[in-house]
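S.K.: Sharing upload-v9.csv (CSV, C-alpha atoms and all ligand atoms) below.
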chain,number,residue,atom,x,y,z
A,1,MET,CA,-18.1,-4.2,-30.8
A,2,ASP,CA,-15.3,-6.4,-32.0
A,3,GLN,CA,-14.6,-10.1,-32.4
A,4,ARG,CA,-11.3,-11.6,-33.4
A,5,THR,CA,-8.6,-14.1,-32.6
A,6,VAL,CA,-5.2,-13.0,-31.6
A,7,ASP,CA,-2.0,-14.5,-30.1
A,8,VAL,CA,-2.3,-12.6,-26.8
A,9,VAL,CA,-4.9,-10.6,-24.9
A,10,ILE,CA,-3.5,-8.3,-22.2
A,11,VAL,CA,-6.0,-7.1,-19.6
A,12,GLY,CA,-4.8,-3.8,-18.1
A,13,GLY,CA,-2.9,-1.0,-19.7
A,14,GLY,CA,-0.7,0.3,-16.9
A,15,PRO,CA,3.1,0.1,-17.2
A,16,GLY,CA,3.0,-3.6,-16.8
A,17,GLY,CA,0.5,-4.3,-19.6
A,18,LEU,CA,1.9,-1.7,-21.9
A,19,SER,CA,5.5,-2.9,-21.6
A,20,ALA,CA,4.4,-6.5,-22.3
A,21,ALA,CA,2.4,-5.3,-25.4
A,22,LEU,CA,5.5,-3.4,-26.7
A,23,VAL,CA,7.9,-6.4,-26.5
A,24,LEU,CA,5.2,-8.8,-27.9
A,25,GLY,CA,4.4,-6.4,-30.7
A,26,ARG,CA,8.1,-6.2,-31.6
A,27,SER,CA,8.1,-10.0,-31.6
A,28,ARG,CA,5.4,-9.9,-34.3
A,29,ARG,CA,2.7,-11.3,-32.0
A,30,SER,CA,-0.9,-10.1,-32.6
A,31,VAL,CA,-1.9,-8.4,-29.3
A,32,VAL,CA,-5.1,-6.8,-28.1
A,33,LEU,CA,-4.6,-4.8,-24.9
A,34,ILE,CA,-7.9,-3.9,-23.1
A,35,ASP,CA,-7.8,-1.2,-20.5
A,36,SER,CA,-10.5,0.4,-18.3
A,37,GLY,CA,-8.4,3.5,-17.6
A,38,HIS,CA,-8.2,3.5,-13.8
A,39,PRO,CA,-4.7,2.9,-12.7
A,40,ARG,CA,-3.8,2.6,-9.0
A,41,ASN,CA,-2.1,6.0,-9.1
A,42,GLU,CA,-4.8,7.9,-10.9
A,43,VAL,CA,-5.3,10.4,-8.0
A,44,THR,CA,-1.7,11.7,-8.3
A,45,TYR,CA,-0.5,14.8,-10.2
A,46,GLU,CA,3.0,13.4,-10.7
A,47,SER,CA,4.8,10.1,-10.8
A,48,HIS,CA,8.4,9.7,-9.7
A,49,GLY,CA,11.3,7.3,-9.9
A,50,PHE,CA,10.7,6.1,-13.5
A,51,LEU,CA,14.0,6.6,-15.2
A,52,THR,CA,13.9,9.5,-17.8
A,53,ARG,CA,10.3,10.3,-16.8
A,54,ASP,CA,10.7,11.5,-13.2
A,55,GLY,CA,7.8,13.8,-12.4
A,56,ILE,CA,5.6,12.8,-15.3
A,57,LYS,CA,1.8,12.9,-15.0
A,58,PRO,CA,0.4,9.3,-14.8
A,59,PHE,CA,-1.7,9.6,-17.9
A,60,GLU,CA,1.1,11.3,-19.9
A,61,LEU,CA,3.2,8.2,-19.4
A,62,ARG,CA,0.4,6.1,-21.0
A,63,GLU,CA,-0.2,8.6,-23.8
A,64,LEU,CA,3.5,8.4,-24.8
A,65,ALA,CA,3.3,4.6,-24.8
A,66,HIS,CA,0.1,4.6,-26.9
A,67,GLU,CA,1.8,7.0,-29.4
A,68,GLN,CA,4.9,4.8,-29.7
A,69,MET,CA,2.8,1.6,-30.0
A,70,LYS,CA,1.4,3.0,-33.3
A,71,THR,CA,4.7,1.7,-34.9
A,72,TYR,CA,3.3,-1.8,-34.4
A,73,PRO,CA,0.0,-2.4,-36.3
A,74,ASN,CA,-0.2,-5.9,-34.8
A,75,VAL,CA,-0.9,-4.3,-31.4
A,76,THR,CA,-4.4,-2.9,-30.8
A,77,ILE,CA,-5.2,-0.9,-27.7
A,78,VAL,CA,-8.9,-0.9,-26.7
A,79,SER,CA,-10.6,1.2,-24.1
A,80,ASP,CA,-13.1,-1.2,-22.4
A,81,LEU,CA,-13.7,-3.3,-19.3
A,82,VAL,CA,-13.0,-7.0,-19.4
A,83,GLU,CA,-15.9,-8.8,-17.7
A,84,GLY,CA,-15.0,-12.4,-18.3
A,85,VAL,CA,-12.1,-14.7,-19.2
A,86,VAL,CA,-12.7,-18.4,-19.7
A,87,ASN,CA,-10.3,-21.1,-20.4
A,88,GLU,CA,-11.7,-23.1,-23.3
A,89,GLN,CA,-10.0,-25.9,-25.1
A,90,LYS,CA,-6.4,-24.6,-25.7
A,91,GLN,CA,-7.6,-21.0,-25.9
A,92,PHE,CA,-9.0,-18.2,-23.8
A,93,LYS,CA,-12.2,-16.4,-24.5
A,94,THR,CA,-12.2,-12.8,-23.2
A,95,THR,CA,-15.5,-10.8,-23.2
A,96,THR,CA,-15.9,-7.1,-22.5
A,97,GLN,CA,-18.5,-4.7,-21.2
A,98,THR,CA,-19.2,-3.4,-24.7
A,99,GLY,CA,-19.8,-6.9,-26.1
A,100,SER,CA,-16.5,-7.5,-27.8
A,101,VAL,CA,-15.1,-11.1,-27.8
A,102,TYR,CA,-11.5,-12.0,-28.2
A,103,TYR,CA,-10.0,-15.5,-28.5
A,104,SER,CA,-6.3,-15.9,-27.7
A,105,ARG,CA,-3.7,-18.6,-27.0
A,106,LYS,CA,-2.4,-16.7,-24.0
A,107,VAL,CA,-3.6,-14.0,-21.6
A,108,ILE,CA,-1.8,-11.6,-19.3
A,109,PHE,CA,-3.5,-10.0,-16.4
A,110,ALA,CA,-1.8,-6.6,-15.5
A,111,THR,CA,-4.8,-5.3,-13.7
A,112,GLY,CA,-3.2,-3.7,-10.7
A,113,LEU,CA,-4.8,-2.8,-7.4
A,114,LYS,CA,-7.4,-0.3,-6.1
A,115,GLU,CA,-6.4,1.8,-3.1
A,116,ASP,CA,-8.5,1.7,0.1
A,117,ILE,CA,-7.6,4.6,2.4
A,118,PRO,CA,-8.7,4.9,6.1
A,119,ASP,CA,-12.2,6.3,6.6
A,120,ILE,CA,-11.2,9.8,8.0
A,121,PRO,CA,-13.3,12.7,6.8
A,122,GLY,CA,-11.4,14.8,4.3
A,123,LEU,CA,-8.5,12.3,3.8
A,124,ASP,CA,-9.7,11.4,0.3
A,125,GLN,CA,-9.4,15.0,-0.8
A,126,VAL,CA,-5.6,15.0,-0.1
A,127,TYR,CA,-4.6,11.5,-1.0
A,128,GLY,CA,-2.2,11.5,-3.9
A,129,LYS,CA,-2.0,15.3,-3.8
A,130,SER,CA,-0.2,16.2,-0.5
A,131,VAL,CA,-0.7,13.0,1.5
A,132,PHE,CA,0.8,9.8,0.1
A,133,SER,CA,1.7,6.2,1.0
A,134,CYS,CA,5.1,5.5,-0.6
A,135,PRO,CA,8.0,7.7,0.4
A,136,TYR,CA,10.1,6.6,-2.5
A,137,CYS,CA,7.4,7.9,-4.8
A,138,ASP,CA,6.6,11.2,-3.1
A,139,ALA,CA,8.7,12.2,-0.1
A,140,TRP,CA,11.5,14.1,-1.9
A,141,GLU,CA,9.0,16.8,-2.9
A,142,HIS,CA,8.2,17.4,0.8
A,143,CYS,CA,11.7,17.3,2.3
A,144,ASP,CA,11.8,19.1,5.7
A,145,GLN,CA,8.2,20.1,5.5
A,146,ALA,CA,5.8,19.8,8.4
A,147,ILE,CA,4.7,16.2,8.0
A,148,ALA,CA,1.9,14.1,9.6
A,149,MET,CA,2.0,10.4,9.6
A,150,ILE,CA,-1.6,9.2,9.8
A,151,GLY,CA,-2.6,5.7,10.9
A,152,ASN,CA,-1.4,2.7,12.9
A,153,LYS,CA,0.0,-0.7,12.2
A,154,GLN,CA,2.3,-3.4,13.6
A,155,ASP,CA,5.9,-2.4,13.2
A,156,LEU,CA,4.8,1.3,13.0
A,157,ILE,CA,8.2,2.3,14.4
A,158,HIS,CA,10.0,1.2,11.3
A,159,TYR,CA,7.8,3.4,9.1
A,160,ILE,CA,8.3,6.4,11.4
A,161,ARG,CA,12.1,5.9,11.2
A,162,LEU,CA,11.8,5.8,7.4
A,163,ILE,CA,9.7,9.0,7.0
A,164,TYR,CA,12.0,10.8,9.5
A,165,ASN,CA,14.7,10.4,6.9
A,166,TRP,CA,12.9,13.0,4.8
A,167,SER,CA,11.7,15.4,7.5
A,168,LYS,CA,12.4,15.7,11.2
A,169,ASP,CA,9.3,18.0,11.6
A,170,LEU,CA,7.1,15.0,12.1
A,171,ILE,CA,4.0,14.2,14.1
A,172,VAL,CA,2.4,10.7,14.3
A,173,ALA,CA,-1.4,10.6,14.5
A,174,THR,CA,-2.4,7.1,15.2
A,175,ASN,CA,-6.2,7.8,15.4
A,176,GLY,CA,-6.4,5.6,18.6
A,177,PRO,CA,-4.0,3.7,20.8
A,178,ALA,CA,-0.6,3.4,19.0
A,179,LYS,CA,0.9,0.0,18.2
A,180,LEU,CA,4.1,1.0,19.8
A,181,THR,CA,6.0,-0.3,22.9
A,182,GLU,CA,6.9,2.0,25.8
A,183,LYS,CA,10.5,1.8,24.6
A,184,GLU,CA,9.5,2.9,21.1
A,185,LYS,CA,7.4,5.7,22.5
A,186,GLN,CA,10.6,6.9,24.3
A,187,GLU,CA,12.5,6.7,21.0
A,188,LEU,CA,9.9,9.1,19.5
A,189,SER,CA,10.3,11.7,22.3
A,190,GLN,CA,14.1,11.4,22.1
A,191,HIS,CA,13.8,12.3,18.4
A,192,LYS,CA,11.2,15.1,19.2
A,193,VAL,CA,8.5,13.3,17.2
A,194,ARG,CA,5.1,14.0,18.8
A,195,LEU,CA,2.8,11.0,19.1
A,196,ILE,CA,-1.0,11.9,19.1
A,197,GLU,CA,-3.3,9.0,19.9
A,198,THR,CA,-6.5,11.0,20.1
A,199,PRO,CA,-8.9,10.1,17.3
A,200,ILE,CA,-8.8,12.3,14.3
A,201,LYS,CA,-12.0,14.3,13.6
A,202,GLU,CA,-11.2,15.6,10.1
A,203,VAL,CA,-8.5,16.6,7.7
A,204,ILE,CA,-8.8,20.1,6.3
A,205,SER,CA,-7.3,21.0,2.9
A,206,LYS,CA,-7.5,23.4,0.1
A,207,ASP,CA,-7.3,22.2,-3.6
A,208,GLY,CA,-5.8,18.9,-2.4
A,209,PHE,CA,-3.2,20.6,-0.2
A,210,LEU,CA,-3.2,19.5,3.4
A,211,GLU,CA,-3.6,22.4,5.9
A,212,GLN,CA,-4.8,21.1,9.2
A,213,ILE,CA,-5.5,18.0,11.2
A,214,VAL,CA,-8.4,18.4,13.6
A,215,PHE,CA,-8.6,16.0,16.6
A,216,ASN,CA,-11.7,14.9,18.6
A,217,ASP,CA,-10.5,16.9,21.6
A,218,GLY,CA,-10.5,20.1,19.6
A,219,GLU,CA,-6.7,20.4,19.0
A,220,THR,CA,-5.8,21.5,15.5
A,221,ILE,CA,-2.4,21.0,14.0
A,222,TYR,CA,-1.0,22.7,10.9
A,223,ARG,CA,0.7,20.3,8.5
A,224,GLU,CA,1.9,20.7,4.9
A,225,ALA,CA,2.0,17.1,3.8
A,226,GLY,CA,1.5,13.6,5.1
A,227,PHE,CA,1.9,9.9,4.8
A,228,ILE,CA,-0.7,7.3,5.4
A,229,VAL,CA,0.8,4.5,7.5
A,230,ASP,CA,-1.3,1.7,6.2
A,231,THR,CA,-3.4,2.0,3.0
A,232,GLY,CA,-5.3,-1.1,2.2
A,233,ALA,CA,-5.4,-2.2,-1.4
A,234,GLU,CA,-7.7,-4.7,-3.1
A,235,GLN,CA,-7.4,-6.4,-6.4
A,236,ALA,CA,-8.9,-4.3,-9.2
A,237,THR,CA,-10.5,-7.4,-10.6
A,238,MET,CA,-11.1,-10.9,-9.2
A,239,LEU,CA,-11.3,-12.5,-12.7
A,240,PRO,CA,-8.0,-14.6,-12.2
A,241,ARG,CA,-9.7,-16.0,-9.0
A,242,GLU,CA,-12.6,-17.1,-11.1
A,243,LEU,CA,-10.2,-19.0,-13.3
A,244,GLY,CA,-8.8,-20.8,-10.3
A,245,ILE,CA,-5.8,-18.6,-9.3
A,246,LYS,CA,-5.4,-18.3,-5.5
A,247,LEU,CA,-4.5,-15.3,-3.6
A,248,ASN,CA,-1.3,-15.5,-1.5
A,249,ASP,CA,-1.1,-14.3,2.2
A,250,LYS,CA,-0.4,-10.7,1.0
A,251,HIS,CA,-3.6,-10.7,-1.2
A,252,GLY,CA,-1.6,-10.8,-4.4
A,253,PHE,CA,-2.4,-13.5,-7.0
A,254,GLU,CA,-0.1,-16.5,-6.8
A,255,THR,CA,2.5,-16.6,-9.6
A,256,LYS,CA,5.7,-18.4,-10.5
A,257,GLU,CA,8.7,-17.2,-12.4
A,258,HIS,CA,8.1,-14.9,-15.4
A,259,GLY,CA,4.6,-14.2,-14.2
A,260,LYS,CA,3.4,-17.8,-15.0
A,261,THR,CA,0.5,-19.2,-13.0
A,262,SER,CA,-0.9,-22.6,-12.3
A,263,ILE,CA,-2.8,-22.4,-15.6
A,264,ASP,CA,-0.8,-22.9,-18.9
A,265,GLY,CA,-0.9,-19.7,-21.0
A,266,LEU,CA,-2.2,-17.5,-18.2
A,267,PHE,CA,0.2,-14.9,-16.7
A,268,ILE,CA,-0.2,-12.2,-14.0
A,269,ILE,CA,2.2,-9.3,-13.6
A,270,GLY,CA,2.7,-6.0,-11.8
A,271,ASP,CA,0.9,-5.0,-8.6
A,272,ALA,CA,-1.8,-7.6,-9.1
A,273,ALA,CA,0.8,-10.2,-8.2
A,274,LYS,CA,3.3,-8.3,-6.1
A,275,ARG,CA,1.2,-5.7,-4.2
A,276,PHE,CA,3.7,-3.0,-5.0
A,277,THR,CA,6.0,-3.1,-8.0
A,278,GLY,CA,6.1,0.6,-8.7
A,279,LEU,CA,6.0,1.9,-12.3
A,280,MET,CA,9.5,0.7,-13.2
A,281,GLY,CA,9.0,-2.7,-11.5
A,282,ALA,CA,5.7,-3.3,-13.4
A,283,ALA,CA,7.2,-2.2,-16.7
A,284,SER,CA,10.2,-4.5,-16.1
A,285,GLU,CA,7.9,-7.5,-15.3
A,286,GLY,CA,5.9,-6.7,-18.5
A,287,TYR,CA,9.1,-6.9,-20.5
A,288,GLU,CA,10.3,-10.1,-18.8
A,289,THR,CA,6.9,-11.8,-19.3
A,290,GLY,CA,6.7,-10.7,-22.9
A,291,VAL,CA,10.1,-12.1,-23.7
A,292,TYR,CA,9.3,-15.4,-22.0
A,293,MET,CA,5.9,-15.7,-23.6
A,294,ASN,CA,7.4,-15.2,-27.1
A,295,LYS,CA,9.8,-17.9,-26.4
A,296,GLU,CA,6.9,-20.2,-25.5
A,297,PHE,CA,5.2,-19.3,-28.8
A,298,VAL,CA,8.3,-20.0,-30.8
A,299,GLU,CA,8.8,-23.4,-29.2
A,300,GLU,CA,5.1,-24.3,-29.5
A,301,ASP,CA,5.0,-23.3,-33.2
A,302,TRP,CA,8.3,-25.0,-34.1
A,303,PHE,CA,7.1,-28.4,-32.9
A,304,LYS,CA,3.5,-28.1,-34.1
B,1,LIG,C1,-1.1,7.5,-4.7
B,1,LIG,C2,-0.1,6.7,-5.4
B,1,LIG,C3,1.1,7.2,-6.0
B,1,LIG,C4,2.0,6.4,-6.6
B,1,LIG,N1,3.1,7.0,-7.1
B,1,LIG,C5,4.1,6.3,-7.7
B,1,LIG,C6,5.3,6.9,-8.2
B,1,LIG,O1,5.5,8.1,-8.1
B,1,LIG,N2,6.2,6.1,-8.7
B,1,LIG,C7,6.1,4.7,-8.8
B,1,LIG,O2,6.9,4.0,-9.3
B,1,LIG,N3,4.9,4.1,-8.4
B,1,LIG,C8,3.9,4.9,-7.8
B,1,LIG,N4,2.8,4.3,-7.4
B,1,LIG,C9,2.6,2.8,-7.6
B,1,LIG,C10,2.2,2.5,-9.0
B,1,LIG,O3,1.0,3.3,-9.3
B,1,LIG,C11,1.9,1.1,-9.2
B,1,LIG,O4,3.0,0.3,-8.7
B,1,LIG,C12,1.8,0.8,-10.8
B,1,LIG,O5,0.8,1.6,-11.4
B,1,LIG,C13,1.6,-0.7,-11.0
B,1,LIG,O6,1.4,-0.9,-12.4
B,1,LIG,P1,0.5,-2.0,-13.0
B,1,LIG,O7,0.7,-2.0,-14.5
B,1,LIG,O8,0.6,-3.3,-12.2
B,1,LIG,O9,-1.0,-1.5,-12.6
B,1,LIG,P2,-1.8,-0.1,-12.9
B,1,LIG,O10,-0.9,0.9,-13.3
B,1,LIG,O11,-2.7,0.1,-11.7
B,1,LIG,O12,-2.7,-0.5,-14.2
B,1,LIG,C14,-3.7,-1.4,-14.1
B,1,LIG,C15,-4.7,-1.1,-15.2
B,1,LIG,O13,-5.6,-2.2,-15.4
B,1,LIG,C16,-6.9,-1.7,-15.6
B,1,LIG,N5,-7.9,-2.8,-15.3
B,1,LIG,C17,-8.1,-3.3,-14.1
B,1,LIG,N6,-9.1,-4.2,-14.2
B,1,LIG,C18,-9.5,-4.2,-15.6
B,1,LIG,C19,-10.4,-5.0,-16.3
B,1,LIG,N7,-11.3,-5.9,-15.7
B,1,LIG,N8,-10.6,-4.7,-17.6
B,1,LIG,C20,-9.7,-3.8,-18.2
B,1,LIG,N9,-8.8,-3.1,-17.6
B,1,LIG,C21,-8.7,-3.3,-16.2
B,1,LIG,C22,-7.0,-0.5,-14.8
B,1,LIG,O14,-8.0,0.4,-15.2
B,1,LIG,C23,-5.6,0.1,-14.9
B,1,LIG,O15,-5.5,1.0,-16.0
B,1,LIG,C24,1.8,5.0,-6.7
B,1,LIG,C25,0.7,4.5,-6.2
B,1,LIG,C26,-0.3,5.3,-5.6
B,1,LIG,C27,-1.5,4.6,-5.0
Please re-express this file's structure in structure tokens.
M.R.:
Amino acid sequence: MDQRTVDVVIVGGGPGGLSAALVLGRSRRSVVLIDSGHPRNEVTYESHGFLTRDGIKPFELRELAHEQMKTYPNVTIVSDLVEGVVNEQKQFKTTTQTGSVYYSRKVIFATGLKEDIPDIPGLDQVYGKSVFSCPYCDAWEHCDQAIAMIGNKQDLIHYIRLIYNWSKDLIVATNGPAKLTEKEKQELSQHKVRLIETPIKEVISKDGFLEQIVFNDGETIYREAGFIVDTGAEQATMLPRELGIKLNDKHGFETKEHGKTSIDGLFIIGDAAKRFTGLMGAASEGYETGVYMNKEFVEEDWFK
């Protein structure tokens, strides 16, 4: 249990929160970063597309950041769950599950999202291992393999064209009537992409590796990897909502430039605001917000 007053509390220790902590630490700000340890990509073995860290394990990226943060004794990383943030006169009070209380002039939420995958038996066993959602994150490793696209959504055709870029050995299993026009269905047969609208009974895998998709009519198709067409994702925490921050039409928290919100001193960055920033994007936002926030501190203190 801890109680202290710092310049900044950062809620969430993914690439967004950690990057903000680094630049604020280097700016001599006292920072407490509180993280509950469940990032959006925690189910994956490898992360891709982060410059110099392509293929790194999600938690290794964090461990490296924690190690390097030891250079800055003014930054404290705490493993805990934030349960409350209230905006009291000119300061925020942050309370945690273990009973710690932190007072700060500013707060950053970098709390990310929680994935919500379709309710198909066996799909949770392969998600993040051999079935993914973001081709830029995971398609290269499955180039030219036997791929299944699973699910349905408006503008499905665009996502099919995209995945076809990585493998032409493609089936599309929409688990019900496809949201495709007759012309789009013709496009698929011209490209030898099989469309299966029969509901999916189950997904069979071994150690996270997709093996077969079994349909309600008994057909079974061998596949090596897959992409879920439309994963839902919810906010990991609704604490910003309790402070009065609205959700936008994409279910991200409403923010302005530099991650500012309608409340002075409260910032939201990364997936929590943008739905999908990727690791680099979240880290970049953390840096930008950290720099902007330090500028605010400097101005506020100069004219105090
Ligand atoms: C399966 C999958 C694979 C992916 N692969 C890649 C990839 O290869 N490359 C890529 O660039 N992107 C990838 N992504 C996307 C990437 O994971 C996110 O864009 C990125 O993690 C967003 O960073 P963030 O800092 O906003 O949030 P996160 O990394 O999700 O971190 C948020 C942190 O906040 C913590 N938190 C939440 N609420 C609280 C609370 N109340 N108190 C304390 N802590 C809290 C969480 O535990 C978590 O640790 C993938 C996503 C998924 C789902």
S.K.: Considering all atoms listed in the file, return as a VMD selection string whatever protein or nucleic-acid residues lie within 7 Å of region 152-156 of chain A, sequence-local ones (same chain, fewer than 4 positions apart) excluded.
M.R.: chain A and resid 160 174 178 to 180 229 to 230
S.K.: What do you get as a compact mmCIF listing (two decimals) with C-alpha atoms, keeping the file's coordinate frame if you pick all residues at most 7 Å from ligand LIG 1 (chain B), counting all atoms listed in the file?
M.R.:
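Wrote part_14.txt, looks like this:
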# COMPACT_ATOMS: atom_id res chain seq x y z
CA VAL A 11 -6.00 -7.10 -19.60
CA GLY A 12 -4.80 -3.80 -18.10
CA GLY A 13 -2.90 -1.00 -19.70
CA GLY A 14 -0.70 0.30 -16.90
CA PRO A 15 3.10 0.10 -17.20
CA GLY A 16 3.00 -3.60 -16.80
CA GLY A 17 0.50 -4.30 -19.60
CA ILE A 34 -7.90 -3.90 -23.10
CA ASP A 35 -7.80 -1.20 -20.50
CA SER A 36 -10.50 0.40 -18.30
CA GLY A 37 -8.40 3.50 -17.60
CA HIS A 38 -8.20 3.50 -13.80
CA PRO A 39 -4.70 2.90 -12.70
CA ARG A 40 -3.80 2.60 -9.00
CA ASN A 41 -2.10 6.00 -9.10
CA VAL A 43 -5.30 10.40 -8.00
CA THR A 44 -1.70 11.70 -8.30
CA GLU A 46 3.00 13.40 -10.70
CA SER A 47 4.80 10.10 -10.80
CA HIS A 48 8.40 9.70 -9.70
CA GLY A 49 11.30 7.30 -9.90
CA PHE A 50 10.70 6.10 -13.50
CA ASP A 80 -13.10 -1.20 -22.40
CA LEU A 81 -13.70 -3.30 -19.30
CA VAL A 82 -13.00 -7.00 -19.40
CA GLU A 83 -15.90 -8.80 -17.70
CA ALA A 110 -1.80 -6.60 -15.50
CA THR A 111 -4.80 -5.30 -13.70
CA GLY A 112 -3.20 -3.70 -10.70
CA LEU A 113 -4.80 -2.80 -7.40
CA GLU A 115 -6.40 1.80 -3.10
CA TYR A 127 -4.60 11.50 -1.00
CA GLY A 128 -2.20 11.50 -3.90
CA PHE A 132 0.80 9.80 0.10
CA SER A 133 1.70 6.20 1.00
CA CYS A 134 5.10 5.50 -0.60
CA CYS A 137 7.40 7.90 -4.80
CA ASP A 138 6.60 11.20 -3.10
CA ALA A 236 -8.90 -4.30 -9.20
CA THR A 237 -10.50 -7.40 -10.60
CA ILE A 269 2.20 -9.30 -13.60
CA GLY A 270 2.70 -6.00 -11.80
CA ASP A 271 0.90 -5.00 -8.60
CA ALA A 272 -1.80 -7.60 -9.10
CA PHE A 276 3.70 -3.00 -5.00
CA THR A 277 6.00 -3.10 -8.00
CA GLY A 278 6.10 0.60 -8.70
CA LEU A 279 6.00 1.90 -12.30
CA MET A 280 9.50 0.70 -13.20
CA ALA A 282 5.70 -3.30 -13.40
CA ALA A 283 7.20 -2.20 -16.70
S.K.: Given the choices A:Gly151, A:Gly286, A:Gly84, A:Gly176, which gets closest to Tyr103 (chain A) if the distance is worked out from all atoms listed in the file?
M.R.: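 Selected residue with least distance to Tyr103 (chain A): A:Gly84.
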S.K.: Could you please determine the separation between CA of Ser79 (chain A) and CA of Gly290 (chain A) in Å, to one decimal place?
M.R.: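 Computing it gives 21.0 Å between the two atoms.
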S.K.: Rounded to one decimal in Å, what is the spacing between CA of Gln68 (chain A) and CA of Phe267 (chain A)?
M.R.: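 CA of Phe267 (chain A) lies 24.1 Å from CA of Gln68 (chain A).
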S.K.: Measuring atom to atom with only C-alpha atoms, identify which of A:Thr198, A:Ile163, A:Lys206, A:His258 is nearest to Pro177 (chain A).
M.R.: A:Thr198
S.K.: Name the closest residue to Ser205 (chain A) among the candidates A:Gly218, A:Pro121, A:Gly259, A:Pro135; distances are taken between atoms, counting all atoms listed in the file.
M.R.: A:Pro121
S.K.: Tell me, in Å to one decimal, how far CA of Thr181 (chain A) is from CA of Tyr164 (chain A).
M.R.: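 Here the two named atoms are 18.4 Å from each other.
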S.K.: Tell me which of A:Val85, A:Met149, A:Ala21, A:Ile157 sits closest to Ile171 (chain A), counting all atoms listed in the file.
M.R.: A:Met149
